[in-house]
Amino acid sequence: MHNSKSLGSSFRRAAIAVLCAALLMSATLAFSAKSQNKALPKAKSQDPALIGSWSGPLDLCPTNGDNNCAIGANFALMHTGKILFYYFPRPGSGPGSRSVVLDPVTGVVDDTLLTASRDIFCSGITIAPDGRVIVTGGDAPHAQNNHSGTWNTTIFDPITQTWSLGADMNFARWYPTSIELADGTQLELSGPNETGTKIQNVLETYNVTTNVWTVLPATANMPAQTLDGTAYPRVTLMTSGKVFLSAPAAKSYIFDPVANTWKAGASTNFGKRYYAPHVLLPDLKTLLVSGGSPVSQNGTGTTTATAETIDLSQKIPVWQYTPNPMNISRMNHNLVLLADGTVLAIGGGQGGGRFSNPVLTPELYDPATGSWSLMADQGVNRTYHSTAGLLPDGRVLSAGADTKLAGQQSYEIYSPPYLFKGARPTITVAPTSVTYGQPFNITTPDAASITRVAMIKATATTHANNMDQRYVDLAFTVGNGVISTKSPASGKMAPPGYYLLVIVNSSGVPSVMPFIQIQ
């Protein structure tokens, strides 16, 4: 985020209060970043079966030779297997934001420049149940550097690879969060308004089928404690159908989309975690946040290596530190659910500036042990405005950061350790779509060795905020060359849309993952 100078004196006072409070938190800050003069720890092994390996960097410039190169600050994996990236407009290239579509298998990059005069940088992003990419808000306009929100809804069709204009939101938003609810409607919250002077506290929902935005009652307005001068709040759909707000606010809140009310929850042990990512773990009840900074302004604050989890299934959920902190403190990193249910912390920086002191060493989090392990280094600074997401072949694509940095019009692909641990199981036949609670079969010659079957929501992410990331385990039985399973019971478990279908063998090796739509 380019922090606005026009967010108003109330936000500046709030930022000063946050900074003063942070300076008093000596016990908490003991977990903070090591001196930037010290070398960061690296993985001791070079074995890719332990630390994985990287390819790239590779260009994100259109194959047809157009100069509409993009920086991958906004990332959506579409059910075509291709990835949509977009950024802000480039002088001389057209009226709207730079946009490209990458085929990560062939490396072909298609030019999909937004021809409408819209700047969709710093927008909300989610994928509709029908597979279209829904982009909400943006900058108005980026060229004037006033960082105020827009009312725009802009839609990308993965089949035709074209943009269209949806109905305007009722409230202008920049840096808003979008999340899909259990019924497939989209909840929109937060984001600076059209003048950049306040953060919107009013919530609204979008029906992607009817193309209608609906303002929620005043009882649904965000609590004042969550509106402390930042945007892109981290929210998660719970299996109750409610929405949990976990960061950057120190105190958690739960939103009930049926009653349209908020309820205060537990406070984190660390306090405010600005620029910290979040992820719902595969048990669908444990939420993880890691890293971040107690200071909101410009990414200049001290970073932390601490991480915390909360069990949302408990009657009174409480935040707890993970058994071990990360090996390296960071903020603006991405947390990516991998095909085997582990989590990759990738990119980010240690503060001193939004793009300063990059962390090139990813870490792998094991939910079973609460431990963090250092992985192979990537080659390019992926700090603020960086993105990362899981690919259908089980690899992870990392892109983005800022125009001022070398190599930013590029992407890198990481192969996790599980791709070096033996032959992969294969899915030969599987349905392309299912309804809720529907039994279905997966044909595979490797049925006898399979220990896990799951569906993984396709990535839609920006600014370290993967807005609908989800890993849904499926119960199954094994037959002769076939696995019998059943789709999730409802949208509370898995909101409607496109998922990657994965089978994992007893060596922890996942299959290539075809798309499956649940509706």
# chains A, B, ... in the order shown; residues from 1 in each chain; ligands from 1
$ residues_around --residues "Met331 (chain A)" --least-positions-apart "4" --cutoff "12 Å" --atoms "only C-alpha atoms" --output "MDAnalysis selection string"
chainID A and resid 32:33 248 273:278 289:296 298:307 326 335 345:359 382:386 463:465
$ write_last_selection --atoms "N, CA and C atoms" --output "short mmCIF file (atom, residue, chain, number, x, y, z; two decimals), in the first residue's frame"
data_model
loop_
_atom_site.label_atom_id
_atom_site.label_comp_id
_atom_site.auth_asym_id
_atom_site.auth_seq_id
_atom_site.Cartn_x
_atom_site.Cartn_y
_atom_site.Cartn_z
N SER A 32 11.23 -9.62 18.39
CA SER A 32 11.27 -8.90 17.12
C SER A 32 12.51 -9.23 16.30
N ALA A 33 12.62 -8.52 15.19
CA ALA A 33 13.67 -8.81 14.22
C ALA A 33 15.06 -8.69 14.81
N PRO A 248 -5.16 -6.74 11.08
CA PRO A 248 -4.04 -6.41 11.97
C PRO A 248 -4.45 -6.01 13.38
N ARG A 273 -0.68 -6.70 14.53
CA ARG A 273 0.23 -7.32 13.56
C ARG A 273 -0.05 -6.72 12.18
N TYR A 274 0.51 -5.55 11.93
CA TYR A 274 0.36 -4.94 10.62
C TYR A 274 1.16 -5.71 9.59
N TYR A 275 0.58 -5.84 8.38
CA TYR A 275 1.26 -6.51 7.25
C TYR A 275 1.54 -7.99 7.52
N ALA A 276 0.75 -8.61 8.41
CA ALA A 276 0.92 -10.03 8.71
C ALA A 276 -0.12 -10.85 7.95
N PRO A 277 0.27 -11.94 7.30
CA PRO A 277 -0.70 -12.79 6.62
C PRO A 277 -1.39 -13.74 7.58
N HIS A 278 -2.46 -14.34 7.10
CA HIS A 278 -3.23 -15.30 7.89
C HIS A 278 -3.57 -16.49 7.01
N VAL A 289 -1.63 -16.86 12.18
CA VAL A 289 -1.06 -15.60 11.72
C VAL A 289 0.42 -15.62 12.07
N SER A 290 1.24 -14.99 11.23
CA SER A 290 2.68 -14.99 11.51
C SER A 290 3.31 -13.67 11.13
N GLY A 291 4.35 -13.30 11.90
CA GLY A 291 5.12 -12.12 11.59
C GLY A 291 4.33 -10.83 11.72
N GLY A 292 4.73 -9.84 10.92
CA GLY A 292 4.10 -8.54 10.96
C GLY A 292 4.90 -7.54 11.77
N SER A 293 4.30 -6.39 12.00
CA SER A 293 4.94 -5.29 12.72
C SER A 293 3.92 -4.63 13.64
N PRO A 294 4.37 -4.12 14.79
CA PRO A 294 3.45 -3.36 15.65
C PRO A 294 3.20 -1.95 15.15
N VAL A 295 3.89 -1.54 14.09
CA VAL A 295 3.79 -0.17 13.56
C VAL A 295 3.18 -0.21 12.17
N SER A 296 2.25 0.69 11.90
CA SER A 296 1.49 0.62 10.64
C SER A 296 2.12 1.42 9.50
N ASN A 298 4.19 2.81 6.56
CA ASN A 298 5.24 2.68 5.55
C ASN A 298 6.14 1.46 5.70
N GLY A 299 5.75 0.49 6.48
CA GLY A 299 6.59 -0.70 6.61
C GLY A 299 7.93 -0.42 7.26
N THR A 300 8.01 0.64 8.06
CA THR A 300 9.29 1.02 8.66
C THR A 300 9.49 0.42 10.04
N GLY A 301 8.46 -0.20 10.58
CA GLY A 301 8.55 -0.69 11.95
C GLY A 301 9.38 -1.95 12.09
N THR A 302 9.64 -2.31 13.34
CA THR A 302 10.34 -3.54 13.65
C THR A 302 9.45 -4.73 13.35
N THR A 303 10.03 -5.79 12.82
CA THR A 303 9.26 -6.98 12.52
C THR A 303 9.42 -8.03 13.61
N THR A 304 8.51 -9.00 13.61
CA THR A 304 8.55 -10.07 14.59
C THR A 304 8.61 -11.43 13.90
N ALA A 305 9.21 -12.39 14.58
CA ALA A 305 9.24 -13.78 14.10
C ALA A 305 8.15 -14.62 14.75
N THR A 306 7.40 -14.03 15.66
CA THR A 306 6.39 -14.81 16.37
C THR A 306 5.24 -15.19 15.44
N ALA A 307 4.56 -16.27 15.81
CA ALA A 307 3.36 -16.70 15.11
C ALA A 307 2.37 -17.18 16.16
N MET A 326 8.96 -18.39 13.91
CA MET A 326 9.70 -18.51 12.66
C MET A 326 11.19 -18.31 12.93
N LEU A 335 1.53 -16.52 3.10
CA LEU A 335 1.37 -17.87 3.64
C LEU A 335 0.56 -18.68 2.64
N ALA A 345 5.74 -20.03 4.19
CA ALA A 345 5.90 -18.59 4.38
C ALA A 345 6.95 -18.13 3.38
N ILE A 346 6.57 -17.23 2.51
CA ILE A 346 7.44 -16.90 1.38
C ILE A 346 7.52 -15.39 1.17
N GLY A 347 8.75 -14.89 0.99
CA GLY A 347 8.95 -13.48 0.72
C GLY A 347 8.87 -12.64 1.97
N GLY A 348 8.58 -11.35 1.76
CA GLY A 348 8.51 -10.40 2.87
C GLY A 348 9.83 -9.72 3.12
N GLY A 349 9.80 -8.78 4.07
CA GLY A 349 11.00 -8.05 4.43
C GLY A 349 11.04 -7.79 5.92
N GLN A 350 12.18 -7.24 6.38
CA GLN A 350 12.38 -7.02 7.81
C GLN A 350 12.21 -5.57 8.22
N GLY A 351 11.58 -4.76 7.37
CA GLY A 351 11.32 -3.39 7.75
C GLY A 351 12.43 -2.44 7.35
N GLY A 352 12.32 -1.20 7.83
CA GLY A 352 13.25 -0.17 7.40
C GLY A 352 12.81 0.45 6.09
N GLY A 353 11.63 0.10 5.63
CA GLY A 353 11.07 0.54 4.36
C GLY A 353 10.26 -0.60 3.77
N ARG A 354 9.29 -0.27 2.94
CA ARG A 354 8.41 -1.30 2.42
C ARG A 354 9.12 -2.34 1.56
N PHE A 355 10.22 -1.93 0.94
CA PHE A 355 10.93 -2.84 0.05
C PHE A 355 12.36 -3.11 0.51
N SER A 356 12.64 -2.72 1.75
CA SER A 356 14.00 -2.85 2.30
C SER A 356 14.19 -4.19 3.00
N ASN A 357 15.44 -4.60 3.10
CA ASN A 357 15.82 -5.79 3.87
C ASN A 357 14.95 -7.00 3.55
N PRO A 358 14.96 -7.41 2.26
CA PRO A 358 14.12 -8.54 1.86
C PRO A 358 14.57 -9.84 2.50
N VAL A 359 13.61 -10.72 2.73
CA VAL A 359 13.90 -12.07 3.22
C VAL A 359 13.73 -13.03 2.05
N ARG A 382 11.00 -10.10 -2.98
CA ARG A 382 9.54 -10.22 -3.02
C ARG A 382 8.99 -9.70 -1.69
N THR A 383 8.96 -8.38 -1.57
CA THR A 383 8.53 -7.75 -0.32
C THR A 383 7.11 -7.22 -0.47
N TYR A 384 6.93 -5.93 -0.28
CA TYR A 384 5.60 -5.33 -0.38
C TYR A 384 5.08 -5.44 -1.81
N HIS A 385 3.77 -5.70 -1.97
CA HIS A 385 3.13 -5.93 -3.26
C HIS A 385 3.57 -7.25 -3.89
N SER A 386 4.09 -8.19 -3.11
CA SER A 386 4.41 -9.50 -3.66
C SER A 386 3.24 -10.44 -3.47
N HIS A 463 -1.25 -8.18 -1.58
CA HIS A 463 -0.82 -7.55 -0.34
C HIS A 463 -0.81 -8.52 0.84
N ALA A 464 -0.29 -9.74 0.61
CA ALA A 464 -0.19 -10.77 1.65
C ALA A 464 -1.54 -11.15 2.24
N ASN A 465 -2.59 -10.94 1.46
CA ASN A 465 -3.95 -11.21 1.93
C ASN A 465 -4.62 -12.16 0.94
#
$ residues_around --residues "Leu312 (chain A)" --least-positions-apart "5" --cutoff "7 Å" --atoms "only C-alpha atoms" --output "list in words"
Lys285, Thr286 and Pro317 of chain A
$ residues_around --residues "Ala70 (chain A)" --least-positions-apart "3" --cutoff "10 Å" --atoms "only C-alpha atoms" --output "MDAnalysis selection string"
chainID A and resid 59:62 67 73:74 85:90 97:101 111 113 400 403 408:410
$ residues_around --residues "Val504 (chain A)" --least-positions-apart "2" --cutoff "12 Å" --atoms "only C-alpha atoms" --output "MDAnalysis selection string"
chainID A and resid 338:341 394 418:419 421:427 444 446:455 473:474 483 501:502 506:513
$ write_last_selection --atoms "N, CA and C atoms" --output "compact mmCIF listing (two decimals), in the first residue's frame"
# COMPACT_ATOMS: atom_id res chain seq x y z
N LEU A 338 0.13 -25.64 0.98
CA LEU A 338 0.69 -26.53 -0.03
C LEU A 338 -0.21 -27.76 -0.22
N ALA A 339 0.14 -28.56 -1.21
CA ALA A 339 -0.70 -29.69 -1.59
C ALA A 339 -0.78 -30.75 -0.51
N ASP A 340 0.20 -30.79 0.39
CA ASP A 340 0.20 -31.80 1.46
C ASP A 340 -0.35 -31.26 2.78
N GLY A 341 -0.86 -30.03 2.77
CA GLY A 341 -1.45 -29.45 3.98
C GLY A 341 -0.49 -28.67 4.84
N GLY A 394 1.40 -28.63 -8.08
CA GLY A 394 1.96 -28.73 -6.74
C GLY A 394 3.10 -27.79 -6.45
N TYR A 418 8.28 -32.11 -1.29
CA TYR A 418 7.52 -33.32 -1.61
C TYR A 418 7.64 -33.74 -3.07
N LEU A 419 8.11 -32.84 -3.94
CA LEU A 419 8.28 -33.21 -5.34
C LEU A 419 9.59 -33.94 -5.60
N LYS A 421 10.52 -36.65 -3.50
CA LYS A 421 10.45 -37.79 -2.58
C LYS A 421 9.84 -39.03 -3.21
N GLY A 422 9.99 -39.15 -4.51
CA GLY A 422 9.52 -40.35 -5.18
C GLY A 422 8.43 -40.08 -6.19
N ALA A 423 7.95 -41.17 -6.80
CA ALA A 423 6.95 -41.07 -7.86
C ALA A 423 5.65 -40.47 -7.33
N ARG A 424 4.98 -39.71 -8.18
CA ARG A 424 3.74 -39.06 -7.79
C ARG A 424 2.55 -39.97 -8.09
N PRO A 425 1.57 -40.00 -7.20
CA PRO A 425 0.34 -40.70 -7.55
C PRO A 425 -0.38 -39.95 -8.67
N THR A 426 -1.20 -40.64 -9.41
CA THR A 426 -1.88 -40.01 -10.54
C THR A 426 -3.39 -40.17 -10.42
N ILE A 427 -4.09 -39.14 -10.85
CA ILE A 427 -5.54 -39.18 -10.97
C ILE A 427 -5.85 -39.38 -12.45
N THR A 444 -7.57 -44.11 -9.85
CA THR A 444 -6.12 -43.98 -9.76
C THR A 444 -5.47 -45.34 -9.62
N ASP A 446 -2.90 -45.81 -8.08
CA ASP A 446 -2.13 -45.73 -6.84
C ASP A 446 -3.04 -45.74 -5.61
N ALA A 447 -4.25 -46.23 -5.76
CA ALA A 447 -5.24 -46.14 -4.69
C ALA A 447 -4.73 -46.72 -3.37
N ALA A 448 -4.02 -47.85 -3.42
CA ALA A 448 -3.60 -48.53 -2.20
C ALA A 448 -2.64 -47.69 -1.36
N SER A 449 -1.94 -46.76 -1.98
CA SER A 449 -0.93 -45.97 -1.25
C SER A 449 -1.46 -44.61 -0.78
N ILE A 450 -2.70 -44.28 -1.07
CA ILE A 450 -3.23 -42.94 -0.78
C ILE A 450 -3.63 -42.82 0.68
N THR A 451 -3.15 -41.76 1.32
CA THR A 451 -3.45 -41.50 2.73
C THR A 451 -4.22 -40.20 2.96
N ARG A 452 -4.41 -39.42 1.89
CA ARG A 452 -5.12 -38.14 2.05
C ARG A 452 -5.79 -37.75 0.74
N VAL A 453 -7.00 -37.23 0.85
CA VAL A 453 -7.73 -36.68 -0.29
C VAL A 453 -8.26 -35.32 0.15
N ALA A 454 -8.10 -34.32 -0.70
CA ALA A 454 -8.52 -32.97 -0.29
C ALA A 454 -8.88 -32.12 -1.48
N MET A 455 -9.58 -31.02 -1.19
CA MET A 455 -9.89 -29.98 -2.17
C MET A 455 -9.27 -28.68 -1.67
N ASP A 473 -10.10 -31.30 3.75
CA ASP A 473 -9.88 -32.75 3.71
C ASP A 473 -11.20 -33.47 3.46
N LEU A 474 -11.14 -34.59 2.72
CA LEU A 474 -12.30 -35.41 2.44
C LEU A 474 -12.09 -36.81 3.00
N ILE A 483 -10.80 -44.62 -5.49
CA ILE A 483 -11.01 -44.01 -4.18
C ILE A 483 -12.43 -43.47 -4.16
N LEU A 501 -8.26 -30.64 -6.83
CA LEU A 501 -8.49 -31.94 -6.21
C LEU A 501 -7.16 -32.68 -6.11
N VAL A 502 -6.78 -33.09 -4.90
CA VAL A 502 -5.48 -33.70 -4.69
C VAL A 502 -5.60 -35.03 -3.95
N SER A 506 1.48 -42.24 0.85
CA SER A 506 2.07 -42.48 2.17
C SER A 506 3.45 -41.88 2.32
N SER A 507 4.08 -41.48 1.22
CA SER A 507 5.37 -40.78 1.29
C SER A 507 5.20 -39.27 1.35
N GLY A 508 3.96 -38.81 1.40
CA GLY A 508 3.69 -37.38 1.44
C GLY A 508 3.76 -36.70 0.09
N VAL A 509 3.73 -37.49 -0.99
CA VAL A 509 3.84 -36.94 -2.34
C VAL A 509 2.45 -36.74 -2.92
N PRO A 510 2.15 -35.53 -3.41
CA PRO A 510 0.82 -35.26 -3.97
C PRO A 510 0.75 -35.52 -5.47
N SER A 511 -0.46 -35.72 -5.94
CA SER A 511 -0.70 -35.84 -7.38
C SER A 511 -0.69 -34.46 -8.03
N VAL A 512 -0.65 -34.44 -9.36
CA VAL A 512 -1.06 -33.25 -10.09
C VAL A 512 -2.55 -33.08 -9.82
N MET A 513 -3.01 -31.84 -9.73
CA MET A 513 -4.35 -31.56 -9.21
C MET A 513 -5.28 -31.00 -10.27
$ atom_distance --atom1 "CA of Thr435 (chain A)" --atom2 "CA of Asp103 (chain A)"
28.6 Å
$ atom_distance --atom1 "CA of Ala172 (chain A)" --atom2 "CA of Glu188 (chain A)"
10.9 Å
$ select_by_dssp --residues "region 250-320 of chain A" --states "strand (DSSP E or B)" --output "number ranges by chain"
A: 251-256, 261-267, 274, 278-280, 286-290, 293, 304, 307-311, 319-320
$ write_last_selection --atoms "C-alpha atoms" --output "CSV table (one decimal), in the first residue's frame"
chain,number,residue,atom,x,y,z
A,251,LYS,CA,-8.4,-7.8,19.3
A,252,SER,CA,-10.3,-10.3,17.1
A,253,TYR,CA,-13.9,-9.9,16.1
A,254,ILE,CA,-16.5,-12.3,14.7
A,255,PHE,CA,-19.1,-11.1,12.2
A,256,ASP,CA,-22.5,-12.9,11.9
A,261,THR,CA,-23.7,-8.1,14.0
A,262,TRP,CA,-20.2,-8.2,15.4
A,263,LYS,CA,-18.9,-9.8,18.5
A,264,ALA,CA,-15.6,-9.1,20.2
A,265,GLY,CA,-13.2,-12.0,20.7
A,266,ALA,CA,-9.8,-12.8,22.1
A,267,SER,CA,-6.7,-10.5,21.8
A,274,TYR,CA,0.4,-4.9,10.6
A,278,HIS,CA,-3.2,-15.3,7.9
A,279,VAL,CA,-4.3,-18.8,6.9
A,280,LEU,CA,-7.0,-21.3,8.0
A,286,THR,CA,-7.2,-23.5,13.5
A,287,LEU,CA,-6.2,-20.1,12.2
A,288,LEU,CA,-2.5,-19.1,11.9
A,289,VAL,CA,-1.1,-15.6,11.7
A,290,SER,CA,2.7,-15.0,11.5
A,293,SER,CA,4.9,-5.3,12.7
A,304,THR,CA,8.5,-10.1,14.6
A,307,ALA,CA,3.4,-16.7,15.1
A,308,GLU,CA,0.1,-17.4,16.8
A,309,THR,CA,-2.9,-19.8,16.3
A,310,ILE,CA,-6.4,-19.8,17.6
A,311,ASP,CA,-8.9,-22.7,17.7
A,319,TRP,CA,-4.7,-17.1,20.8
A,320,GLN,CA,-1.6,-19.1,21.6
$ residues_around --residues "region 490-497 of chain A" --least-positions-apart "2" --cutoff "6 Å" --atoms "only C-alpha atoms" --output "short mmCIF file (atom, residue, chain, number, x, y, z; two decimals) with C-alpha atoms, in the first residue's frame"
data_model
loop_
_atom_site.label_atom_id
_atom_site.label_comp_id
_atom_site.auth_asym_id
_atom_site.auth_seq_id
_atom_site.Cartn_x
_atom_site.Cartn_y
_atom_site.Cartn_z
CA PRO A 129 -18.49 -19.57 -8.01
CA ALA A 182 -21.16 -19.83 2.38
CA GLY A 184 -21.58 -17.77 -2.77
CA THR A 239 -17.42 -23.49 9.44
CA GLY A 241 -20.78 -19.53 8.44
CA TYR A 436 -22.71 -30.57 -1.89
CA PRO A 488 -18.17 -31.24 1.51
CA GLN A 517 -16.19 -27.18 -9.20
CA ILE A 518 -18.51 -27.47 -6.23
CA GLN A 519 -21.96 -25.95 -6.55
#
$ closest_residue --among "A:Ile127, A:Ala430, A:Val380, A:Ala388" --to "Val336 (chain A)" --atoms "only C-alpha atoms"
A:Ala388
